[in-house]
Every structure is written in structure tokens, then in C-alpha cells.
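Peer 1: Here you go, model38.cif (mmCIF, C-alpha atoms (C1' of nucleotides)):
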```
data_model
loop_
_atom_site.group_PDB
_atom_site.id
_atom_site.type_symbol
_atom_site.label_atom_id
_atom_site.label_comp_id
_atom_site.auth_asym_id
_atom_site.auth_seq_id
_atom_site.Cartn_x
_atom_site.Cartn_y
_atom_site.Cartn_z
ATOM 1 C CA MET A 554 68.116 51.372 128.280
ATOM 2 C CA ALA A 555 66.792 50.180 131.614
ATOM 3 C CA LYS A 556 63.599 51.347 133.288
ATOM 4 C CA ASN A 557 64.062 53.816 136.092
ATOM 5 C CA LEU A 558 62.191 52.116 138.906
ATOM 6 C CA LYS A 559 63.689 54.370 141.542
ATOM 7 C CA LEU A 560 62.018 57.327 139.910
ATOM 8 C CA LYS A 561 58.763 55.426 139.578
ATOM 9 C CA SER A 562 58.699 54.446 143.252
ATOM 10 C CA ALA A 563 59.821 57.862 144.495
ATOM 11 C CA ARG A 564 56.954 59.372 142.533
ATOM 12 C CA ALA A 565 54.538 56.802 143.912
ATOM 13 C CA ALA A 566 55.776 57.569 147.419
ATOM 14 C CA MET A 567 54.713 61.179 146.886
ATOM 15 C CA ASP A 568 51.363 60.013 145.464
ATOM 16 C CA MET A 569 52.038 61.936 142.304
ATOM 17 C CA SER A 570 50.973 61.029 138.765
ATOM 18 C CA GLN A 571 53.344 61.365 135.828
ATOM 19 C CA GLN A 572 51.172 64.277 134.770
ATOM 20 C CA ALA A 573 51.464 65.994 138.158
ATOM 21 C CA LEU A 574 55.216 65.549 138.281
ATOM 22 C CA ALA A 575 55.546 66.782 134.707
ATOM 23 C CA GLU A 576 53.624 69.951 135.504
ATOM 24 C CA LYS A 577 55.628 70.551 138.663
ATOM 25 C CA VAL A 578 58.941 70.376 136.817
ATOM 26 C CA GLY A 579 57.686 72.085 133.669
ATOM 27 C CA VAL A 580 57.930 69.351 131.041
ATOM 28 C CA SER A 581 55.391 67.280 129.172
ATOM 29 C CA ARG A 582 53.868 64.109 130.551
ATOM 30 C CA GLN A 583 55.417 62.110 127.711
ATOM 31 C CA THR A 584 58.855 63.241 128.776
ATOM 32 C CA VAL A 585 58.382 61.949 132.318
ATOM 33 C CA ASN A 586 56.960 58.741 130.928
ATOM 34 C CA ALA A 587 59.915 58.264 128.586
ATOM 35 C CA ILE A 588 62.433 58.850 131.375
ATOM 36 C CA GLU A 589 60.742 56.301 133.623
ATOM 37 C CA LYS A 590 60.519 53.863 130.764
ATOM 38 C CA GLY A 591 64.219 54.436 130.068
ATOM 39 C CA ASP A 592 63.669 55.637 126.525
ATOM 40 C CA TYR A 593 65.977 58.562 126.891
ATOM 41 C CA ASN A 594 68.395 60.462 128.652
ATOM 42 C CA PRO A 595 67.202 63.601 130.410
ATOM 43 C CA THR A 596 69.310 66.717 130.815
ATOM 44 C CA LEU A 597 70.951 67.462 134.147
ATOM 45 C CA ASN A 598 68.680 70.408 134.857
ATOM 46 C CA LEU A 599 65.613 68.261 134.397
ATOM 47 C CA CYS A 600 67.054 65.550 136.658
ATOM 48 C CA ILE A 601 67.683 68.143 139.337
ATOM 49 C CA ALA A 602 64.168 69.568 139.011
ATOM 50 C CA ILE A 603 62.695 66.078 139.321
ATOM 51 C CA CYS A 604 64.784 65.327 142.407
ATOM 52 C CA LYS A 605 63.744 68.542 144.090
ATOM 53 C CA ALA A 606 60.085 67.860 143.298
ATOM 54 C CA LEU A 607 60.401 64.428 144.898
ATOM 55 C CA GLY A 608 62.554 65.429 147.859
ATOM 56 C CA LYS A 609 65.430 63.236 146.742
ATOM 57 C CA THR A 610 68.989 63.728 145.514
ATOM 58 C CA LEU A 611 70.582 62.809 142.190
ATOM 59 C CA ASP A 612 72.291 59.776 143.677
ATOM 60 C CA GLU A 613 69.019 58.500 145.086
ATOM 61 C CA VAL A 614 67.108 58.717 141.829
ATOM 62 C CA PHE A 615 69.640 58.504 138.994
ATOM 63 C CA TRP A 616 72.788 56.813 140.283
ATOM 64 C CA GLY A 617 73.244 53.127 139.562
ATOM 65 C CA GLU A 618 70.482 52.097 137.162
ATOM 66 C CA MET B 1412 74.461 79.515 134.664
ATOM 67 C CA ALA B 1413 77.143 79.077 137.269
ATOM 68 C CA LYS B 1414 80.559 77.583 136.704
ATOM 69 C CA ASN B 1415 80.997 74.009 137.859
ATOM 70 C CA LEU B 1416 84.006 74.307 140.120
ATOM 71 C CA LYS B 1417 83.442 70.904 141.671
ATOM 72 C CA LEU B 1418 83.986 69.322 138.296
ATOM 73 C CA LYS B 1419 87.025 71.475 137.668
ATOM 74 C CA SER B 1420 88.646 70.553 140.955
ATOM 75 C CA ALA B 1421 87.745 66.862 140.717
ATOM 76 C CA ARG B 1422 89.395 66.813 137.307
ATOM 77 C CA ALA B 1423 92.435 68.632 138.664
ATOM 78 C CA ALA B 1424 92.615 66.105 141.509
ATOM 79 C CA MET B 1425 92.967 63.362 138.900
ATOM 80 C CA ASP B 1426 95.594 65.403 137.042
ATOM 81 C CA MET B 1427 93.508 65.233 133.910
ATOM 82 C CA SER B 1428 93.180 67.856 131.185
ATOM 83 C CA GLN B 1429 89.809 68.746 129.670
ATOM 84 C CA GLN B 1430 91.031 66.957 126.568
ATOM 85 C CA ALA B 1431 91.941 63.799 128.474
ATOM 86 C CA LEU B 1432 88.610 63.713 130.291
ATOM 87 C CA ALA B 1433 86.746 64.345 127.049
ATOM 88 C CA GLU B 1434 88.479 61.418 125.354
ATOM 89 C CA LYS B 1435 87.846 59.154 128.310
ATOM 90 C CA VAL B 1436 84.101 59.833 128.296
ATOM 91 C CA GLY B 1437 83.816 60.027 124.507
ATOM 92 C CA VAL B 1438 82.853 63.644 123.909
ATOM 93 C CA SER B 1439 84.647 66.642 122.456
ATOM 94 C CA ARG B 1440 86.931 68.879 124.487
ATOM 95 C CA GLN B 1441 84.595 71.828 123.883
ATOM 96 C CA THR B 1442 81.763 69.956 125.514
ATOM 97 C CA VAL B 1443 83.757 69.393 128.684
ATOM 98 C CA ASN B 1444 84.852 73.010 128.611
ATOM 99 C CA ALA B 1445 81.272 74.244 128.206
ATOM 100 C CA ILE B 1446 80.036 72.099 131.088
ATOM 101 C CA GLU B 1447 82.763 73.403 133.397
ATOM 102 C CA LYS B 1448 82.090 76.924 132.280
ATOM 103 C CA GLY B 1449 78.391 76.378 132.951
ATOM 104 C CA ASP B 1450 77.330 77.157 129.411
ATOM 105 C CA TYR B 1451 75.040 74.179 129.162
ATOM 106 C CA ASN B 1452 73.313 71.397 130.530
ATOM 107 C CA PRO B 1453 74.776 67.955 129.879
ATOM 108 C CA THR B 1454 72.682 64.824 129.541
ATOM 109 C CA LEU B 1455 72.433 62.380 132.425
ATOM 110 C CA ASN B 1456 74.464 59.717 130.656
ATOM 111 C CA LEU B 1457 77.308 62.137 130.119
ATOM 112 C CA CYS B 1458 77.199 63.234 133.756
ATOM 113 C CA ILE B 1459 77.400 59.607 134.834
ATOM 114 C CA ALA B 1460 80.308 58.907 132.489
ATOM 115 C CA ILE B 1461 82.161 61.934 133.837
ATOM 116 C CA CYS B 1462 81.562 60.879 137.437
ATOM 117 C CA LYS B 1463 82.836 57.386 136.767
ATOM 118 C CA ALA B 1464 85.921 58.744 135.036
ATOM 119 C CA LEU B 1465 86.641 60.909 138.065
ATOM 120 C CA GLY B 1466 85.734 58.372 140.751
ATOM 121 C CA LYS B 1467 82.922 60.529 142.091
ATOM 122 C CA THR B 1468 79.142 60.319 142.318
ATOM 123 C CA LEU B 1469 76.472 62.549 140.805
ATOM 124 C CA ASP B 1470 75.819 64.279 144.102
ATOM 125 C CA GLU B 1471 79.510 65.052 144.538
ATOM 126 C CA VAL B 1472 79.935 66.650 141.133
ATOM 127 C CA PHE B 1473 76.536 67.929 140.036
ATOM 128 C CA TRP B 1474 74.360 68.443 143.095
ATOM 129 C CA GLY B 1475 74.042 71.943 144.490
ATOM 130 C CA GLU B 1476 75.706 74.299 142.037
ATOM 131 C "C1'" DT C 183 112.624 83.476 125.093
ATOM 132 C "C1'" DC C 184 110.941 79.578 122.598
ATOM 133 C "C1'" DT C 185 107.946 75.629 122.370
ATOM 134 C "C1'" DT C 186 104.176 72.845 123.788
ATOM 135 C "C1'" DT C 187 100.115 72.028 126.290
ATOM 136 C "C1'" DT C 188 95.979 73.736 128.042
ATOM 137 C "C1'" DT C 189 92.164 76.521 127.979
ATOM 138 C "C1'" DG C 190 88.600 79.944 126.139
ATOM 139 C "C1'" DT C 191 85.716 80.940 122.490
ATOM 140 C "C1'" DA C 192 83.051 81.193 117.928
ATOM 141 C "C1'" DA C 193 80.231 79.667 113.797
ATOM 142 C "C1'" DA C 194 77.968 76.083 111.093
ATOM 143 C "C1'" DA C 195 76.322 71.454 110.985
ATOM 144 C "C1'" DT C 196 74.274 67.192 113.115
ATOM 145 C "C1'" DA C 197 72.067 64.325 116.720
ATOM 146 C "C1'" DT C 198 68.803 64.044 119.961
ATOM 147 C "C1'" DA C 199 65.956 65.890 124.017
ATOM 148 C "C1'" DC C 200 61.498 67.588 124.390
ATOM 149 C "C1'" DT C 201 56.733 69.277 122.685
ATOM 150 C "C1'" DT C 202 52.202 68.930 120.850
ATOM 151 C "C1'" DG C 203 48.242 66.337 119.572
ATOM 152 C "C1'" DA C 204 46.154 62.235 119.496
ATOM 153 C "C1'" DC C 205 44.540 57.478 120.380
ATOM 154 C "C1'" DA C 206 43.924 53.168 123.024
ATOM 155 C "C1'" DA C 207 44.635 50.012 127.046
ATOM 156 C "C1'" DA C 208 44.627 49.426 132.176
ATOM 157 C "C1'" DC C 209 42.807 50.715 136.392
ATOM 158 C "C1'" DA C 210 39.825 52.824 140.205
ATOM 159 C "C1'" DG C 211 35.521 54.621 141.748
ATOM 160 C "C1'" DT C 212 30.520 54.692 141.624
ATOM 161 C "C1'" DA D 684 28.393 48.791 133.011
ATOM 162 C "C1'" DC D 685 29.877 53.471 133.030
ATOM 163 C "C1'" DT D 686 33.021 57.425 133.855
ATOM 164 C "C1'" DG D 687 37.323 59.562 134.728
ATOM 165 C "C1'" DT D 688 42.178 59.211 135.632
ATOM 166 C "C1'" DT D 689 46.525 57.163 134.611
ATOM 167 C "C1'" DT D 690 49.657 55.174 131.704
ATOM 168 C "C1'" DG D 691 51.825 53.516 127.189
ATOM 169 C "C1'" DT D 692 52.847 54.769 122.691
ATOM 170 C "C1'" DC D 693 53.259 57.024 117.982
ATOM 171 C "C1'" DA D 694 54.412 60.646 114.485
ATOM 172 C "C1'" DA D 695 55.843 65.276 113.205
ATOM 173 C "C1'" DG D 696 57.731 69.362 114.705
ATOM 174 C "C1'" DT D 697 60.905 72.578 117.637
ATOM 175 C "C1'" DA D 698 64.672 73.494 120.837
ATOM 176 C "C1'" DT D 699 69.044 72.572 122.217
ATOM 177 C "C1'" DA D 700 73.091 69.387 123.331
ATOM 178 C "C1'" DT D 701 77.168 68.030 120.939
ATOM 179 C "C1'" DT D 702 80.550 67.953 116.927
ATOM 180 C "C1'" DT D 703 83.795 69.756 113.841
ATOM 181 C "C1'" DT D 704 87.039 73.134 112.373
ATOM 182 C "C1'" DA D 705 89.555 76.794 113.633
ATOM 183 C "C1'" DC D 706 92.019 80.575 115.977
ATOM 184 C "C1'" DA D 707 94.080 83.000 119.914
ATOM 185 C "C1'" DA D 708 95.265 83.749 124.845
ATOM 186 C "C1'" DA D 709 97.205 81.744 129.093
ATOM 187 C "C1'" DA D 710 100.013 78.576 131.552
ATOM 188 C "C1'" DA D 711 103.989 75.302 131.956
ATOM 189 C "C1'" DG D 712 108.468 73.421 130.691
ATOM 190 C "C1'" DA D 713 113.001 73.733 128.681
#
```
Translate this structure into C-alpha cells?

Peer 2:
Amino acid sequence: MAKNLKLKSARAAMDMSQQALAEKVGVSRQTVNAIEKGDYNPTLNLCIAICKALGKTLDEVFWGE
Amino acid sequence: MAKNLKLKSARAAMDMSQQALAEKVGVSRQTVNAIEKGDYNPTLNLCIAICKALGKTLDEVFWGE
DNA sequence: TCTTTTTGTAAAATATACTTGACAAACAGT
DNA sequence: ACTGTTTGTCAAGTATATTTTACAAAAAGA
């Protein structure tokens, strides 16, 4: 799978660490790391939580990798 | 969880049965049914496959339930 | 009414998302 | 050089998405 650079930059734009984002959306830091790295395939609910935490929409963060 | 009526209507607009959509995206009919019914929480890759099959984007089908 | 397609639903099994704990490398600040 | 934060990664476990088989109700067509 491909790295999710849109997620990485959206997180950077909010000056948030993987840890901070993970806590805000209620998952482990490794999960956020794996999603950014493209290792797996988050669930829709997690994608939505991440988008809301970053002030983005699904299309902006997860559409067109 | 809430029913996904946007998915249901997008599928209807393509004149596609749950079965037909399921085959097109490579999952079982029950999975499509459960997603429409709101029973669970598909993975991102499945959401993307469904959107492509229906000619929609993530925001149009899965954003704001 | 009869037949076929579509949909709703359930239980048991399998695949995989996600967790926890842990360790090391890269980087920033002092 | 030292300290603390961030990131990358691994292995073993738990939770849950998805499959398969199966049956019945609802809708559509003839």
C-alpha cells in the first residue's frame, strides 16, 4: 500500500504528533502510524474521527491515494 | 448506528441490486446489506471500492450520516 | 396466483483491524 | 554531550469486519 501523505501533512498542519492524534481519536499510536505508513486499512469510523480531529473531510484525507 | 440511505439511493440510481454491487466490489451480499443497514463499519478500501462502483466520492456516500 | 429476484436476518468460522508492551533510531532543545 | 519527544517497527494477544450456509419475508414480473 501507499503512504498516506495527505494525512501526514494535515496532522503536521495542526502541529499534532501521532500520539496526540491517536489520543484524540481514541486509538493507539501504532494504529495512526500504520495508517500513515499505509500498512493497513482503517475502518470508516476511524477515518471519520481522524478527519474531524484534523478539520478535514474524507475526500481531503482519504480519497485518491 | 444509522442506516446509510445515501448508499441505498446511489445504488438504486445505478439500478444495481445489493448482490450486483457486492460482486462488483468483491464482497458478500450480506456485507453490503449490513453496511446499508448500518450494522457495521466497513474498511476504507471497501468504501472506496463501493464509491468507484457507484461513480461517487467518499464524501458523497459516507460523510455525514 | 405462481415464479423469480431482492432483501432481511442469524449462527459459526475465518481474516484482519487494533491493542499492549517494548525497544531503538532520528530529531529538537538545552 | 545529554535529555526528552517523536517516529518506526516487532510480536503476541483481543476485538471485530467479512464469509459461508441457510432460511424466510417482501417486492416485481408473468

Peer 1: Just say which residues the PyMOL selection byres ((chain C) within 8 of (chain A)) picks in this file, as a count of residues only.

Peer 2: 3

Peer 1: Any chance you could dump chain A, least-squares fitted to chain B on all C-alpha atoms in order, as a CSV table (one decimal) with C-alpha atoms, keeping the file's coordinate frame?

Peer 2:
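What landed in out-v9.csv:
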```csv
chain,number,residue,atom,x,y,z
A,554,MET,CA,74.5,79.5,134.6
A,555,ALA,CA,77.1,79.0,137.2
A,556,LYS,CA,80.6,77.6,136.7
A,557,ASN,CA,81.0,74.0,137.8
A,558,LEU,CA,84.0,74.3,140.1
A,559,LYS,CA,83.4,70.9,141.7
A,560,LEU,CA,84.0,69.3,138.3
A,561,LYS,CA,87.0,71.5,137.7
A,562,SER,CA,88.6,70.5,141.0
A,563,ALA,CA,87.7,66.9,140.7
A,564,ARG,CA,89.4,66.8,137.3
A,565,ALA,CA,92.4,68.6,138.7
A,566,ALA,CA,92.6,66.1,141.5
A,567,MET,CA,93.0,63.4,138.9
A,568,ASP,CA,95.6,65.4,137.1
A,569,MET,CA,93.5,65.2,133.9
A,570,SER,CA,93.2,67.9,131.2
A,571,GLN,CA,89.8,68.7,129.7
A,572,GLN,CA,91.0,67.0,126.6
A,573,ALA,CA,91.9,63.8,128.5
A,574,LEU,CA,88.6,63.7,130.3
A,575,ALA,CA,86.8,64.4,127.1
A,576,GLU,CA,88.5,61.4,125.4
A,577,LYS,CA,87.8,59.2,128.3
A,578,VAL,CA,84.1,59.9,128.3
A,579,GLY,CA,83.8,60.0,124.5
A,580,VAL,CA,82.8,63.7,123.9
A,581,SER,CA,84.6,66.6,122.5
A,582,ARG,CA,86.9,68.9,124.5
A,583,GLN,CA,84.6,71.8,123.8
A,584,THR,CA,81.8,70.0,125.5
A,585,VAL,CA,83.8,69.4,128.7
A,586,ASN,CA,84.9,73.0,128.6
A,587,ALA,CA,81.3,74.3,128.2
A,588,ILE,CA,80.0,72.1,131.1
A,589,GLU,CA,82.8,73.4,133.4
A,590,LYS,CA,82.1,76.9,132.3
A,591,GLY,CA,78.4,76.4,132.9
A,592,ASP,CA,77.3,77.1,129.4
A,593,TYR,CA,75.1,74.2,129.1
A,594,ASN,CA,73.3,71.4,130.6
A,595,PRO,CA,74.8,68.0,129.9
A,596,THR,CA,72.7,64.8,129.6
A,597,LEU,CA,72.4,62.4,132.4
A,598,ASN,CA,74.4,59.7,130.6
A,599,LEU,CA,77.3,62.1,130.1
A,600,CYS,CA,77.2,63.2,133.8
A,601,ILE,CA,77.4,59.6,134.8
A,602,ALA,CA,80.3,58.9,132.5
A,603,ILE,CA,82.2,62.0,133.8
A,604,CYS,CA,81.6,60.9,137.4
A,605,LYS,CA,82.8,57.4,136.8
A,606,ALA,CA,85.9,58.7,135.0
A,607,LEU,CA,86.6,60.9,138.1
A,608,GLY,CA,85.7,58.4,140.7
A,609,LYS,CA,82.9,60.5,142.1
A,610,THR,CA,79.1,60.3,142.3
A,611,LEU,CA,76.5,62.5,140.8
A,612,ASP,CA,75.8,64.3,144.1
A,613,GLU,CA,79.5,65.0,144.5
A,614,VAL,CA,79.9,66.6,141.1
A,615,PHE,CA,76.5,67.9,140.0
A,616,TRP,CA,74.4,68.4,143.1
A,617,GLY,CA,74.1,71.9,144.5
A,618,GLU,CA,75.8,74.3,142.1
```

Peer 1: Give as a ChimeraX atom specification the residues that the PyMOL selection byres ((chain B and resi 1450) around 12) matches when applied to the coordinates above.

Peer 2: /B:1412-1415,1441-1449,1451-1453 /C:191 /D:699-700

Peer 1: Quick one: which residues from chain A are at most 10 Å off chain B, using all atoms listed in the file, as a PyMOL selection string?

Peer 2: chain A and resi 593-601+610-613+615-617

Peer 1: Would you kindly report the residues of chain D within 12 Å of chain A, using only C-alpha atoms (C1' of nucleotides), as a PDB file with C-alpha atoms (C1' of nucleotides), keeping the file's coordinate frame?

Peer 2:
```
ATOM      1  C1'  DT D 688      42.178  59.211 135.632  1.00  0.00           C
ATOM      2  C1'  DT D 689      46.525  57.163 134.611  1.00  0.00           C
ATOM      3  C1'  DT D 690      49.657  55.174 131.704  1.00  0.00           C
ATOM      4  C1'  DG D 691      51.825  53.516 127.189  1.00  0.00           C
ATOM      5  C1'  DT D 692      52.847  54.769 122.691  1.00  0.00           C
ATOM      6  C1'  DC D 693      53.259  57.024 117.982  1.00  0.00           C
ATOM      7  C1'  DT D 699      69.044  72.572 122.217  1.00  0.00           C
ATOM      8  C1'  DA D 700      73.091  69.387 123.331  1.00  0.00           C
TER       9       DA D 700
END
```

Peer 1: Calculate how many Å separate atom C1' of DA695 of chain D from atom C1' of DA194 of chain C, rounding to one decimal.

Peer 2: 24.7 Å

Peer 1: Fewer than 2 positions away in the same chain doesn't count, so skip those; otherwise give me all residues within 12 Å of DC685 of chain D, counting all atoms listed in the file, as a count of residues only.

Peer 2: 3

Peer 1: For a cut-off of 10 Å around (94.3, 85.2, 131.7), file coordinates, pick out all residues using all atoms listed in the file and list them as a PyMOL selection string.

Peer 2: (chain C and resi 189-190) or (chain D and resi 708-710)

Peer 1: So what do you get for atom C1' of DA195 of chain C versus atom C1' of DA705 of chain D, distance-wise?

Peer 2: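 Pair atom C1' of DA195 of chain C / atom C1' of DA705 of chain D returns 14.5 Å.
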
Peer 1: Write out N, CA and C atoms for segment 1451-1462 of chain B, as a PDB file, keeping the file's coordinate frame.

Peer 2:
```
ATOM      1  N   TYR B1451      76.224  75.013 129.200  1.00  0.00           N
ATOM      2  CA  TYR B1451      75.040  74.179 129.162  1.00  0.00           C
ATOM      3  C   TYR B1451      75.233  72.937 129.993  1.00  0.00           C
ATOM      4  N   ASN B1452      74.296  72.307 130.085  1.00  0.00           N
ATOM      5  CA  ASN B1452      73.313  71.397 130.530  1.00  0.00           C
ATOM      6  C   ASN B1452      73.502  70.008 129.930  1.00  0.00           C
ATOM      7  N   PRO B1453      74.487  69.268 130.470  1.00  0.00           N
ATOM      8  CA  PRO B1453      74.776  67.955 129.879  1.00  0.00           C
ATOM      9  C   PRO B1453      73.624  66.985 130.069  1.00  0.00           C
ATOM     10  N   THR B1454      73.659  65.895 129.329  1.00  0.00           N
ATOM     11  CA  THR B1454      72.682  64.824 129.541  1.00  0.00           C
ATOM     12  C   THR B1454      73.115  63.972 130.731  1.00  0.00           C
ATOM     13  N   LEU B1455      72.160  63.239 131.276  1.00  0.00           N
ATOM     14  CA  LEU B1455      72.433  62.380 132.425  1.00  0.00           C
ATOM     15  C   LEU B1455      73.528  61.366 132.124  1.00  0.00           C
ATOM     16  N   ASN B1456      73.456  60.736 130.975  1.00  0.00           N
ATOM     17  CA  ASN B1456      74.464  59.717 130.656  1.00  0.00           C
ATOM     18  C   ASN B1456      75.872  60.292 130.641  1.00  0.00           C
ATOM     19  N   LEU B1457      75.996  61.512 130.126  1.00  0.00           N
ATOM     20  CA  LEU B1457      77.308  62.137 130.119  1.00  0.00           C
ATOM     21  C   LEU B1457      77.768  62.455 131.539  1.00  0.00           C
ATOM     22  N   CYS B1458      76.859  62.961 132.350  1.00  0.00           N
ATOM     23  CA  CYS B1458      77.199  63.234 133.756  1.00  0.00           C
ATOM     24  C   CYS B1458      77.696  61.972 134.440  1.00  0.00           C
ATOM     25  N   ILE B1459      77.015  60.868 134.211  1.00  0.00           N
ATOM     26  CA  ILE B1459      77.400  59.607 134.834  1.00  0.00           C
ATOM     27  C   ILE B1459      78.773  59.166 134.346  1.00  0.00           C
ATOM     28  N   ALA B1460      78.996  59.289 133.042  1.00  0.00           N
ATOM     29  CA  ALA B1460      80.308  58.907 132.489  1.00  0.00           C
ATOM     30  C   ALA B1460      81.414  59.752 133.099  1.00  0.00           C
ATOM     31  N   ILE B1461      81.165  61.042 133.243  1.00  0.00           N
ATOM     32  CA  ILE B1461      82.161  61.934 133.837  1.00  0.00           C
ATOM     33  C   ILE B1461      82.431  61.531 135.281  1.00  0.00           C
ATOM     34  N   CYS B1462      81.391  61.279 136.030  1.00  0.00           N
ATOM     35  CA  CYS B1462      81.562  60.879 137.437  1.00  0.00           C
ATOM     36  C   CYS B1462      82.393  59.608 137.546  1.00  0.00           C
TER      37      CYS B1462
END
```
